[in-house]
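Raw query-v3.pdb, PDB, C-alpha atoms:
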MODEL        1
ATOM      1  CA  MET A   3      53.467  43.886 -27.290  1.00  0.00           C
ATOM      2  CA  GLN A   4      50.658  45.303 -25.390  1.00  0.00           C
ATOM      3  CA  ALA A   5      47.674  43.205 -24.215  1.00  0.00           C
ATOM      4  CA  THR A   6      44.271  44.772 -24.721  1.00  0.00           C
ATOM      5  CA  PRO A   7      41.059  43.647 -23.044  1.00  0.00           C
ATOM      6  CA  CYS A   8      38.502  41.919 -25.226  1.00  0.00           C
ATOM      7  CA  MET A   9      35.722  44.109 -26.492  1.00  0.00           C
ATOM      8  CA  PHE A  10      33.350  41.081 -26.537  1.00  0.00           C
ATOM      9  CA  ALA A  11      33.583  40.574 -22.775  1.00  0.00           C
ATOM     10  CA  CYS A  12      34.945  37.063 -23.040  1.00  0.00           C
ATOM     11  CA  GLY A  13      37.208  37.753 -20.120  1.00  0.00           C
ATOM     12  CA  ALA A  14      40.518  37.364 -21.975  1.00  0.00           C
ATOM     13  CA  ALA A  15      43.291  39.861 -22.654  1.00  0.00           C
ATOM     14  CA  HIS A  16      44.538  39.796 -26.240  1.00  0.00           C
ATOM     15  CA  VAL A  17      47.800  40.850 -27.783  1.00  0.00           C
ATOM     16  CA  ALA A  18      47.149  43.352 -30.544  1.00  0.00           C
ATOM     17  CA  GLY A  19      49.947  42.113 -32.782  1.00  0.00           C
ATOM     18  CA  PRO A  20      53.520  43.056 -33.702  1.00  0.00           C
ATOM     19  CA  TYR A  21      52.586  46.681 -34.306  1.00  0.00           C
ATOM     20  CA  ASP A  22      51.481  49.076 -31.710  1.00  0.00           C
ATOM     21  CA  GLY A  23      47.742  49.595 -31.687  1.00  0.00           C
ATOM     22  CA  ARG A  24      47.900  53.180 -32.928  1.00  0.00           C
ATOM     23  CA  ALA A  25      49.723  52.533 -36.155  1.00  0.00           C
ATOM     24  CA  MET A  26      47.404  49.804 -37.543  1.00  0.00           C
ATOM     25  CA  PRO A  27      44.126  50.352 -39.256  1.00  0.00           C
ATOM     26  CA  PHE A  28      41.126  49.357 -37.183  1.00  0.00           C
ATOM     27  CA  MET A  29      40.270  46.109 -39.106  1.00  0.00           C
ATOM     28  CA  ILE A  30      43.825  44.796 -39.075  1.00  0.00           C
ATOM     29  CA  ARG A  31      44.078  45.480 -35.397  1.00  0.00           C
ATOM     30  CA  ILE A  32      40.733  43.839 -34.459  1.00  0.00           C
ATOM     31  CA  GLN A  33      40.818  40.843 -36.816  1.00  0.00           C
ATOM     32  CA  PRO A  34      42.782  38.423 -34.539  1.00  0.00           C
ATOM     33  CA  LEU A  35      40.667  39.484 -31.609  1.00  0.00           C
ATOM     34  CA  VAL A  36      37.402  38.880 -33.413  1.00  0.00           C
ATOM     35  CA  GLY A  37      38.465  35.437 -34.557  1.00  0.00           C
ATOM     36  CA  TRP A  38      39.507  34.326 -31.098  1.00  0.00           C
ATOM     37  CA  CYS A  39      36.440  35.799 -29.449  1.00  0.00           C
ATOM     38  CA  TYR A  40      34.183  34.263 -32.070  1.00  0.00           C
ATOM     39  CA  ARG A  41      35.676  30.813 -31.473  1.00  0.00           C
ATOM     40  CA  ARG A  42      35.395  31.256 -27.710  1.00  0.00           C
ATOM     41  CA  LEU A  43      31.809  32.465 -27.964  1.00  0.00           C
ATOM     42  CA  ALA A  44      30.859  29.578 -30.267  1.00  0.00           C
ATOM     43  CA  HIS A  45      32.390  27.130 -27.801  1.00  0.00           C
ATOM     44  CA  LEU A  46      30.409  28.651 -24.917  1.00  0.00           C
ATOM     45  CA  ILE A  47      27.193  28.460 -26.949  1.00  0.00           C
ATOM     46  CA  ARG A  48      27.820  24.766 -27.794  1.00  0.00           C
ATOM     47  CA  VAL A  49      28.464  23.935 -24.141  1.00  0.00           C
ATOM     48  CA  GLN A  50      25.384  25.824 -23.048  1.00  0.00           C
ATOM     49  CA  ASN A  51      23.222  24.144 -25.728  1.00  0.00           C
ATOM     50  CA  LYS A  52      24.551  20.747 -24.661  1.00  0.00           C
ATOM     51  CA  GLU A  53      23.612  21.474 -21.045  1.00  0.00           C
ATOM     52  CA  VAL A  54      20.150  22.626 -22.124  1.00  0.00           C
ATOM     53  CA  ARG A  55      19.700  19.430 -24.172  1.00  0.00           C
ATOM     54  CA  MET A  56      20.798  17.307 -21.224  1.00  0.00           C
ATOM     55  CA  GLN A  57      18.408  19.102 -18.883  1.00  0.00           C
ATOM     56  CA  THR A  58      15.575  18.725 -21.396  1.00  0.00           C
ATOM     57  CA  ALA A  59      16.368  15.045 -21.863  1.00  0.00           C
ATOM     58  CA  SER A  60      16.385  14.437 -18.127  1.00  0.00           C
ATOM     59  CA  ARG A  61      13.051  16.199 -17.758  1.00  0.00           C
ATOM     60  CA  ASN A  62      11.508  14.154 -20.591  1.00  0.00           C
ATOM     61  CA  SER A  63      12.853  10.769 -19.488  1.00  0.00           C
ATOM     62  CA  GLY A  64      10.040  10.019 -16.982  1.00  0.00           C
ATOM     63  CA  PHE A  65       6.413   9.020 -17.436  1.00  0.00           C
ATOM     64  CA  THR A  66       3.447  11.320 -17.124  1.00  0.00           C
ATOM     65  CA  LEU A  67       0.620  10.593 -14.735  1.00  0.00           C
ATOM     66  CA  ILE A  68      -1.730   9.888 -17.652  1.00  0.00           C
ATOM     67  CA  GLU A  69       0.657   7.278 -19.067  1.00  0.00           C
ATOM     68  CA  LEU A  70       0.919   5.595 -15.672  1.00  0.00           C
ATOM     69  CA  MET A  71      -2.870   5.592 -15.233  1.00  0.00           C
ATOM     70  CA  ILE A  72      -3.328   4.003 -18.667  1.00  0.00           C
ATOM     71  CA  VAL A  73      -0.867   1.261 -17.732  1.00  0.00           C
ATOM     72  CA  VAL A  74      -2.667   0.674 -14.408  1.00  0.00           C
ATOM     73  CA  VAL A  75      -6.030   0.386 -16.199  1.00  0.00           C
ATOM     74  CA  ILE A  76      -4.632  -2.078 -18.764  1.00  0.00           C
ATOM     75  CA  VAL A  77      -3.028  -4.207 -16.042  1.00  0.00           C
ATOM     76  CA  GLY A  78      -6.321  -4.130 -14.105  1.00  0.00           C
ATOM     77  CA  ILE A  79      -8.304  -5.316 -17.119  1.00  0.00           C
ATOM     78  CA  LEU A  80      -5.806  -8.111 -17.791  1.00  0.00           C
ATOM     79  CA  ALA A  81      -5.958  -9.139 -14.125  1.00  0.00           C
ATOM     80  CA  MET A  82      -9.772  -9.240 -14.206  1.00  0.00           C
ATOM     81  CA  ILE A  83      -9.607 -11.603 -17.162  1.00  0.00           C
ATOM     82  CA  ALA A  84      -6.617 -13.717 -16.128  1.00  0.00           C
ATOM     83  CA  LEU A  85      -7.221 -14.288 -12.408  1.00  0.00           C
ATOM     84  CA  PRO A  86     -10.540 -16.183 -12.691  1.00  0.00           C
ATOM     85  CA  ILE A  87      -9.091 -18.329 -15.478  1.00  0.00           C
ATOM     86  CA  TYR A  88      -6.025 -19.060 -13.356  1.00  0.00           C
ATOM     87  CA  GLU A  89      -8.134 -19.881 -10.270  1.00  0.00           C
ATOM     88  CA  ASN A  90     -10.308 -22.283 -12.298  1.00  0.00           C
ATOM     89  CA  HIS A  91      -7.189 -23.949 -13.650  1.00  0.00           C
ATOM     90  CA  VAL A  92      -5.801 -24.409 -10.113  1.00  0.00           C
ATOM     91  CA  ILE A  93      -9.137 -25.794  -8.886  1.00  0.00           C
ATOM     92  CA  ARG A  94      -9.260 -28.302 -11.767  1.00  0.00           C
ATOM     93  CA  GLY A  95      -5.671 -29.338 -11.039  1.00  0.00           C
ATOM     94  CA  ASN A  96      -6.461 -29.917  -7.363  1.00  0.00           C
ATOM     95  CA  ARG A  97      -9.599 -31.834  -8.349  1.00  0.00           C
ATOM     96  CA  SER A  98      -7.573 -34.066 -10.680  1.00  0.00           C
ATOM     97  CA  ALA A  99      -5.132 -34.853  -7.856  1.00  0.00           C
ATOM     98  CA  ALA A 100      -8.050 -35.707  -5.557  1.00  0.00           C
ATOM     99  CA  GLN A 101      -9.646 -37.936  -8.199  1.00  0.00           C
ATOM    100  CA  ALA A 102      -6.352 -39.798  -8.664  1.00  0.00           C
ATOM    101  CA  ALA A 103      -6.182 -40.337  -4.888  1.00  0.00           C
ATOM    102  CA  MET A 104      -9.795 -41.584  -4.888  1.00  0.00           C
ATOM    103  CA  MET A 105      -9.010 -44.075  -7.639  1.00  0.00           C
ATOM    104  CA  ASP A 106      -5.968 -45.273  -5.663  1.00  0.00           C
ATOM    105  CA  ILE A 107      -8.110 -45.745  -2.538  1.00  0.00           C
ATOM    106  CA  ALA A 108     -10.691 -47.667  -4.603  1.00  0.00           C
ATOM    107  CA  ASN A 109      -7.933 -49.961  -5.949  1.00  0.00           C
ATOM    108  CA  ARG A 110      -6.664 -50.605  -2.413  1.00  0.00           C
ATOM    109  CA  GLN A 111     -10.208 -51.359  -1.307  1.00  0.00           C
ATOM    110  CA  GLN A 112     -10.580 -53.928  -4.096  1.00  0.00           C
ATOM    111  CA  GLN A 113      -7.273 -55.557  -3.078  1.00  0.00           C
ATOM    112  CA  HIS A 114      -8.421 -55.654   0.547  1.00  0.00           C
ATOM    113  CA  LEU A 115     -11.715 -57.239  -0.531  1.00  0.00           C
ATOM    114  CA  LEU A 116      -9.866 -59.968  -2.474  1.00  0.00           C
ATOM    115  CA  ALA A 117      -7.556 -60.712   0.461  1.00  0.00           C
ATOM    116  CA  ASN A 118     -10.076 -60.444   3.349  1.00  0.00           C
ATOM    117  CA  ARG A 119     -13.542 -60.727   1.710  1.00  0.00           C
ATOM    118  CA  VAL A 120     -14.541 -57.372   3.255  1.00  0.00           C
ATOM    119  CA  TYR A 121     -13.744 -53.747   2.537  1.00  0.00           C
ATOM    120  CA  ALA A 122     -11.440 -51.874   4.939  1.00  0.00           C
ATOM    121  CA  ILE A 123     -12.652 -49.017   7.065  1.00  0.00           C
ATOM    122  CA  GLN A 124     -10.706 -45.772   6.845  1.00  0.00           C
ATOM    123  CA  ALA A 125      -8.551 -46.506   9.929  1.00  0.00           C
ATOM    124  CA  GLU A 126      -7.685 -50.005   8.623  1.00  0.00           C
ATOM    125  CA  LEU A 127      -6.792 -48.738   5.194  1.00  0.00           C
ATOM    126  CA  ASN A 128      -4.472 -46.083   6.679  1.00  0.00           C
ATOM    127  CA  TYR A 129      -4.166 -44.212   3.398  1.00  0.00           C
ATOM    128  CA  PRO A 130      -2.043 -41.038   3.711  1.00  0.00           C
ATOM    129  CA  LEU A 131      -3.170 -38.210   1.447  1.00  0.00           C
ATOM    130  CA  GLY A 132      -0.364 -36.425  -0.377  1.00  0.00           C
ATOM    131  CA  THR A 133       0.314 -32.802   0.473  1.00  0.00           C
ATOM    132  CA  GLU A 134      -1.140 -31.611  -2.845  1.00  0.00           C
ATOM    133  CA  VAL A 135      -4.467 -33.209  -1.885  1.00  0.00           C
ATOM    134  CA  SER A 136      -4.564 -32.901   1.916  1.00  0.00           C
ATOM    135  CA  GLY A 137      -4.282 -29.107   1.747  1.00  0.00           C
ATOM    136  CA  HIS A 138      -7.441 -28.894  -0.358  1.00  0.00           C
ATOM    137  CA  TYR A 139      -9.569 -31.932   0.551  1.00  0.00           C
ATOM    138  CA  GLY A 140     -10.595 -33.979   3.522  1.00  0.00           C
ATOM    139  CA  TYR A 141     -11.866 -37.511   2.938  1.00  0.00           C
ATOM    140  CA  GLY A 142     -14.026 -40.160   4.438  1.00  0.00           C
ATOM    141  CA  ILE A 143     -14.789 -43.805   3.595  1.00  0.00           C
ATOM    142  CA  THR A 144     -18.174 -45.337   4.336  1.00  0.00           C
ATOM    143  CA  VAL A 145     -18.126 -49.144   4.317  1.00  0.00           C
ATOM    144  CA  ASP A 146     -21.109 -51.546   4.357  1.00  0.00           C
ATOM    145  CA  ASN A 147     -19.702 -55.082   4.715  1.00  0.00           C
ATOM    146  CA  ASN A 148     -23.019 -56.634   5.815  1.00  0.00           C
ATOM    147  CA  PRO A 149     -25.611 -55.419   3.342  1.00  0.00           C
ATOM    148  CA  ALA A 150     -29.168 -55.760   4.664  1.00  0.00           C
ATOM    149  CA  ASP A 151     -30.790 -55.205   1.310  1.00  0.00           C
ATOM    150  CA  GLY A 152     -30.107 -58.759   0.171  1.00  0.00           C
ATOM    151  CA  THR A 153     -27.176 -58.041  -2.113  1.00  0.00           C
ATOM    152  CA  PRO A 154     -24.331 -60.465  -1.535  1.00  0.00           C
ATOM    153  CA  MET A 155     -21.548 -57.937  -2.107  1.00  0.00           C
ATOM    154  CA  PRO A 156     -20.270 -55.469   0.455  1.00  0.00           C
ATOM    155  CA  SER A 157     -19.903 -51.845  -0.685  1.00  0.00           C
ATOM    156  CA  PHE A 158     -17.997 -48.656   0.051  1.00  0.00           C
ATOM    157  CA  THR A 159     -18.283 -44.972  -0.775  1.00  0.00           C
ATOM    158  CA  ILE A 160     -15.321 -42.623  -0.826  1.00  0.00           C
ATOM    159  CA  THR A 161     -16.170 -38.966  -0.233  1.00  0.00           C
ATOM    160  CA  PHE A 162     -13.742 -36.089  -0.730  1.00  0.00           C
ATOM    161  CA  THR A 163     -14.895 -32.793   0.756  1.00  0.00           C
ATOM    162  CA  PRO A 164     -13.106 -29.656  -0.485  1.00  0.00           C
ATOM    163  CA  THR A 165     -11.784 -27.050   1.945  1.00  0.00           C
ATOM    164  CA  GLY A 166     -10.535 -23.473   1.657  1.00  0.00           C
ATOM    165  CA  ARG A 167     -10.550 -21.980  -1.840  1.00  0.00           C
ATOM    166  CA  GLN A 168     -11.369 -25.402  -3.255  1.00  0.00           C
ATOM    167  CA  ALA A 169     -14.727 -25.417  -1.403  1.00  0.00           C
ATOM    168  CA  LYS A 170     -16.595 -23.870  -4.330  1.00  0.00           C
ATOM    169  CA  ASP A 171     -15.747 -26.957  -6.403  1.00  0.00           C
ATOM    170  CA  GLY A 172     -18.140 -29.252  -4.488  1.00  0.00           C
ATOM    171  CA  VAL A 173     -17.977 -32.741  -2.978  1.00  0.00           C
ATOM    172  CA  LEU A 174     -16.589 -35.664  -5.012  1.00  0.00           C
ATOM    173  CA  THR A 175     -17.775 -39.258  -4.435  1.00  0.00           C
ATOM    174  CA  LEU A 176     -16.816 -42.666  -5.789  1.00  0.00           C
ATOM    175  CA  ASN A 177     -18.494 -45.900  -4.803  1.00  0.00           C
ATOM    176  CA  SER A 178     -17.618 -49.595  -5.107  1.00  0.00           C
ATOM    177  CA  GLN A 179     -19.682 -49.907  -8.297  1.00  0.00           C
ATOM    178  CA  GLY A 180     -17.519 -47.261  -9.993  1.00  0.00           C
ATOM    179  CA  VAL A 181     -20.192 -44.571  -9.938  1.00  0.00           C
ATOM    180  CA  LYS A 182     -18.551 -41.147  -9.827  1.00  0.00           C
ATOM    181  CA  THR A 183     -20.504 -38.084  -8.775  1.00  0.00           C
ATOM    182  CA  PRO A 184     -20.940 -35.367  -9.842  1.00  0.00           C
ATOM    183  CA  ALA A 185     -20.409 -36.800 -13.311  1.00  0.00           C
ATOM    184  CA  GLU A 186     -19.559 -33.468 -14.964  1.00  0.00           C
ATOM    185  CA  LYS A 187     -16.599 -32.997 -12.607  1.00  0.00           C
ATOM    186  CA  TRP A 188     -15.191 -36.421 -13.477  1.00  0.00           C
ATOM    187  CA  GLN A 189     -15.422 -35.959 -17.246  1.00  0.00           C
ATOM    188  CA  ARG A 190     -13.083 -32.995 -17.506  1.00  0.00           C
TER     189      ARG A 190
ENDMDL
END

Would you mind giving the structure from this file in structure tokens?
Amino acid sequence: MQATPCMFACGAAHVAGPYDGRAMPFMIRIQPLVGWCYRRLAHLIRVQNKEVRMQTASRNSGFTLIELMIVVVIVGILAMIALPIYENHVIRGNRSAAQAAMMDIANRQQQHLLANRVYAIQAELNYPLGTEVSGHYGYGITVDNNPADGTPMPSFTITFTPTGRQAKDGVLTLNSQGVKTPAEKWQR
């Protein structure tokens, strides 16, 4: 049998069949060649289409600049709303810790008064602030054990002064009579 080159340029050499190419009619001679070339061509087209689809998919898998800008704007708006709320929540939490420490100092002062008949000065009391309070507040205790105004009871005032980011919260005070200032900060 004689191999003939493909007329469809698929690069293959085909066998014409059991007859020699001259004795067969044209359609009988070309039919096996057409079928094989058609299958080969269809396969090449499928492979090429698959590659095109993969390239298109890889090009379309990213984000456009507009989409990224929209996301940045939305995140910015959420941050503008959420950050002040979060900061206020942290400030209130730090204030609550400081108020608890002030109440503890006031209780220790009352115990010292019962045991010694005078209030303790800050150095005598030796009260260590916890790390959650000391990083945001400094404190001082003012004691008047010899009142000149004629009242028989000594008195004290505890003052917590905020520092750093807590500074915008304002000074907290508590005295021996239980008066807490500013009142609006103690109610929340």

At a cut-off of 12 Å, using all atoms listed in the file, what residues contact range 75-92 of chain A? Leave out same-chain residues fewer than 3 positions from it and give the result as an mmCIF file with C-alpha atoms, keeping the file's coordinate frame.
data_model
loop_
_atom_site.group_PDB
_atom_site.id
_atom_site.type_symbol
_atom_site.label_atom_id
_atom_site.label_comp_id
_atom_site.auth_asym_id
_atom_site.auth_seq_id
_atom_site.Cartn_x
_atom_site.Cartn_y
_atom_site.Cartn_z
ATOM 1 C CA ILE A 68 -1.730 9.888 -17.652
ATOM 2 C CA GLU A 69 0.657 7.278 -19.067
ATOM 3 C CA LEU A 70 0.919 5.595 -15.672
ATOM 4 C CA MET A 71 -2.870 5.592 -15.233
ATOM 5 C CA ILE A 72 -3.328 4.003 -18.667
ATOM 6 C CA GLY A 95 -5.671 -29.338 -11.039
ATOM 7 C CA ASN A 96 -6.461 -29.917 -7.363
ATOM 8 C CA ARG A 97 -9.599 -31.834 -8.349
ATOM 9 C CA SER A 98 -7.573 -34.066 -10.680
ATOM 10 C CA ALA A 99 -5.132 -34.853 -7.856
ATOM 11 C CA GLU A 134 -1.140 -31.611 -2.845
ATOM 12 C CA HIS A 138 -7.441 -28.894 -0.358
ATOM 13 C CA ARG A 167 -10.550 -21.980 -1.840
ATOM 14 C CA GLN A 168 -11.369 -25.402 -3.255
ATOM 15 C CA LYS A 170 -16.595 -23.870 -4.330
ATOM 16 C CA ASP A 171 -15.747 -26.957 -6.403
ATOM 17 C CA ARG A 190 -13.083 -32.995 -17.506
#

* From the set A:Ala122, A:Leu176, A:Met104, A:Val49, which residue has the shortest atom-to-atom contact distance to Thr159 in chain A, counting only C-alpha atoms? -> A:Leu176

* To do: Name the residues in contact with range 178-182 of chain A at a cut-off of 7 Å, using only C-alpha atoms, excluding same-chain residues fewer than 3 positions from it; report them as a PyMOL selection string.
  => chain A and resi 157-159+175+185+188

* Structure fact -> Using only C-alpha atoms, the best pick from A:Ile93, A:Leu131, A:Val73, A:Ile160 as closest to Asn109 in chain A would be A:Ile160

* Could you please determine the separation between CA of Thr161 in chain A and CA of Tyr141 in chain A in Å, to one decimal place? =>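 Between CA of Thr161 in chain A and CA of Tyr141 in chain A the gap works out to 5.5 Å.
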
* **Nearest to Ala100 in chain A by atom-to-atom distance, counting all atoms listed in the file, from A:Lys52, A:Arg42, A:His114, A:Lys187** => A:Lys187

* To do: Could you tell me which residues the PyMOL selection byres ((chain A and resi 117-119) around 12) grabs in this file, written as an MDAnalysis selection string?
  => chainID A and resid 110:116 120:122 126 147:148 154:157

* Distance CA of Ala102 in chain A-CA of Tyr139 in chain A, one decimal place? ->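 Taking CA of Ala102 in chain A and CA of Tyr139 in chain A, their separation equals 12.5 Å.
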
* To do: Please indicate the distance in Å from CA of Pro184 in chain A to CA of Asp106 in chain A, rounded to one decimal place.
  => 18.4 Å

Please output range 129-149 of chain A, rebuilt to include N, CA, C and O atoms, as a compact mmCIF listing (two decimals), in the frame of the given file.
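This went into selection.txt:
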# COMPACT_ATOMS: atom_id res chain seq x y z
N TYR A 129 -4.65 -44.82 4.64
CA TYR A 129 -4.17 -44.21 3.40
C TYR A 129 -3.75 -42.77 3.67
O TYR A 129 -4.59 -41.94 4.02
N PRO A 130 -2.46 -42.43 3.49
CA PRO A 130 -2.04 -41.04 3.71
C PRO A 130 -2.27 -40.21 2.44
O PRO A 130 -1.80 -40.57 1.37
N LEU A 131 -2.98 -39.11 2.58
CA LEU A 131 -3.17 -38.21 1.45
C LEU A 131 -1.87 -37.44 1.20
O LEU A 131 -1.20 -37.03 2.15
N GLY A 132 -1.53 -37.25 -0.05
CA GLY A 132 -0.36 -36.42 -0.38
C GLY A 132 -0.61 -34.97 -0.02
O GLY A 132 -1.76 -34.54 0.15
N THR A 133 0.46 -34.21 0.08
CA THR A 133 0.31 -32.80 0.47
C THR A 133 -0.47 -31.98 -0.55
O THR A 133 -1.15 -31.04 -0.19
N GLU A 134 -0.39 -32.36 -1.83
CA GLU A 134 -1.14 -31.61 -2.84
C GLU A 134 -2.64 -31.84 -2.73
O GLU A 134 -3.43 -31.04 -3.21
N VAL A 135 -3.04 -32.92 -2.06
CA VAL A 135 -4.47 -33.21 -1.88
C VAL A 135 -4.93 -32.82 -0.49
O VAL A 135 -5.99 -32.22 -0.32
N SER A 136 -4.13 -33.13 0.54
CA SER A 136 -4.56 -32.90 1.92
C SER A 136 -4.77 -31.42 2.23
O SER A 136 -5.56 -31.09 3.11
N GLY A 137 -4.09 -30.54 1.52
CA GLY A 137 -4.28 -29.11 1.75
C GLY A 137 -5.58 -28.58 1.17
O GLY A 137 -6.00 -27.48 1.51
N HIS A 138 -6.23 -29.37 0.32
CA HIS A 138 -7.44 -28.89 -0.36
C HIS A 138 -8.67 -29.78 -0.13
O HIS A 138 -9.78 -29.36 -0.42
N TYR A 139 -8.46 -31.00 0.35
CA TYR A 139 -9.57 -31.93 0.55
C TYR A 139 -9.40 -32.71 1.85
O TYR A 139 -8.28 -33.02 2.26
N GLY A 140 -10.53 -33.01 2.44
CA GLY A 140 -10.60 -33.98 3.52
C GLY A 140 -11.38 -35.17 2.98
O GLY A 140 -12.15 -35.03 2.03
N TYR A 141 -11.15 -36.37 3.51
CA TYR A 141 -11.87 -37.51 2.94
C TYR A 141 -12.43 -38.42 4.01
O TYR A 141 -12.01 -38.42 5.16
N GLY A 142 -13.40 -39.17 3.58
CA GLY A 142 -14.03 -40.16 4.44
C GLY A 142 -14.41 -41.38 3.61
O GLY A 142 -14.70 -41.27 2.41
N ILE A 143 -14.41 -42.55 4.26
CA ILE A 143 -14.79 -43.80 3.60
C ILE A 143 -15.92 -44.42 4.41
O ILE A 143 -15.78 -44.66 5.61
N THR A 144 -17.03 -44.67 3.72
CA THR A 144 -18.17 -45.34 4.34
C THR A 144 -18.20 -46.76 3.81
O THR A 144 -18.21 -46.98 2.58
N VAL A 145 -18.18 -47.73 4.72
CA VAL A 145 -18.13 -49.14 4.32
C VAL A 145 -19.38 -49.85 4.83
O VAL A 145 -19.78 -49.68 5.98
N ASP A 146 -19.98 -50.68 3.96
CA ASP A 146 -21.11 -51.55 4.36
C ASP A 146 -20.71 -52.97 3.99
O ASP A 146 -20.91 -53.42 2.86
N ASN A 147 -20.16 -53.71 4.97
CA ASN A 147 -19.70 -55.08 4.72
C ASN A 147 -20.80 -56.12 4.94
O ASN A 147 -20.65 -57.27 4.55
N ASN A 148 -21.89 -55.72 5.57
CA ASN A 148 -23.02 -56.63 5.82
C ASN A 148 -24.28 -56.01 5.25
O ASN A 148 -25.09 -55.46 5.97
N PRO A 149 -24.44 -56.07 3.93
CA PRO A 149 -25.61 -55.42 3.34
C PRO A 149 -26.91 -56.09 3.80
O PRO A 149 -27.03 -57.31 3.81
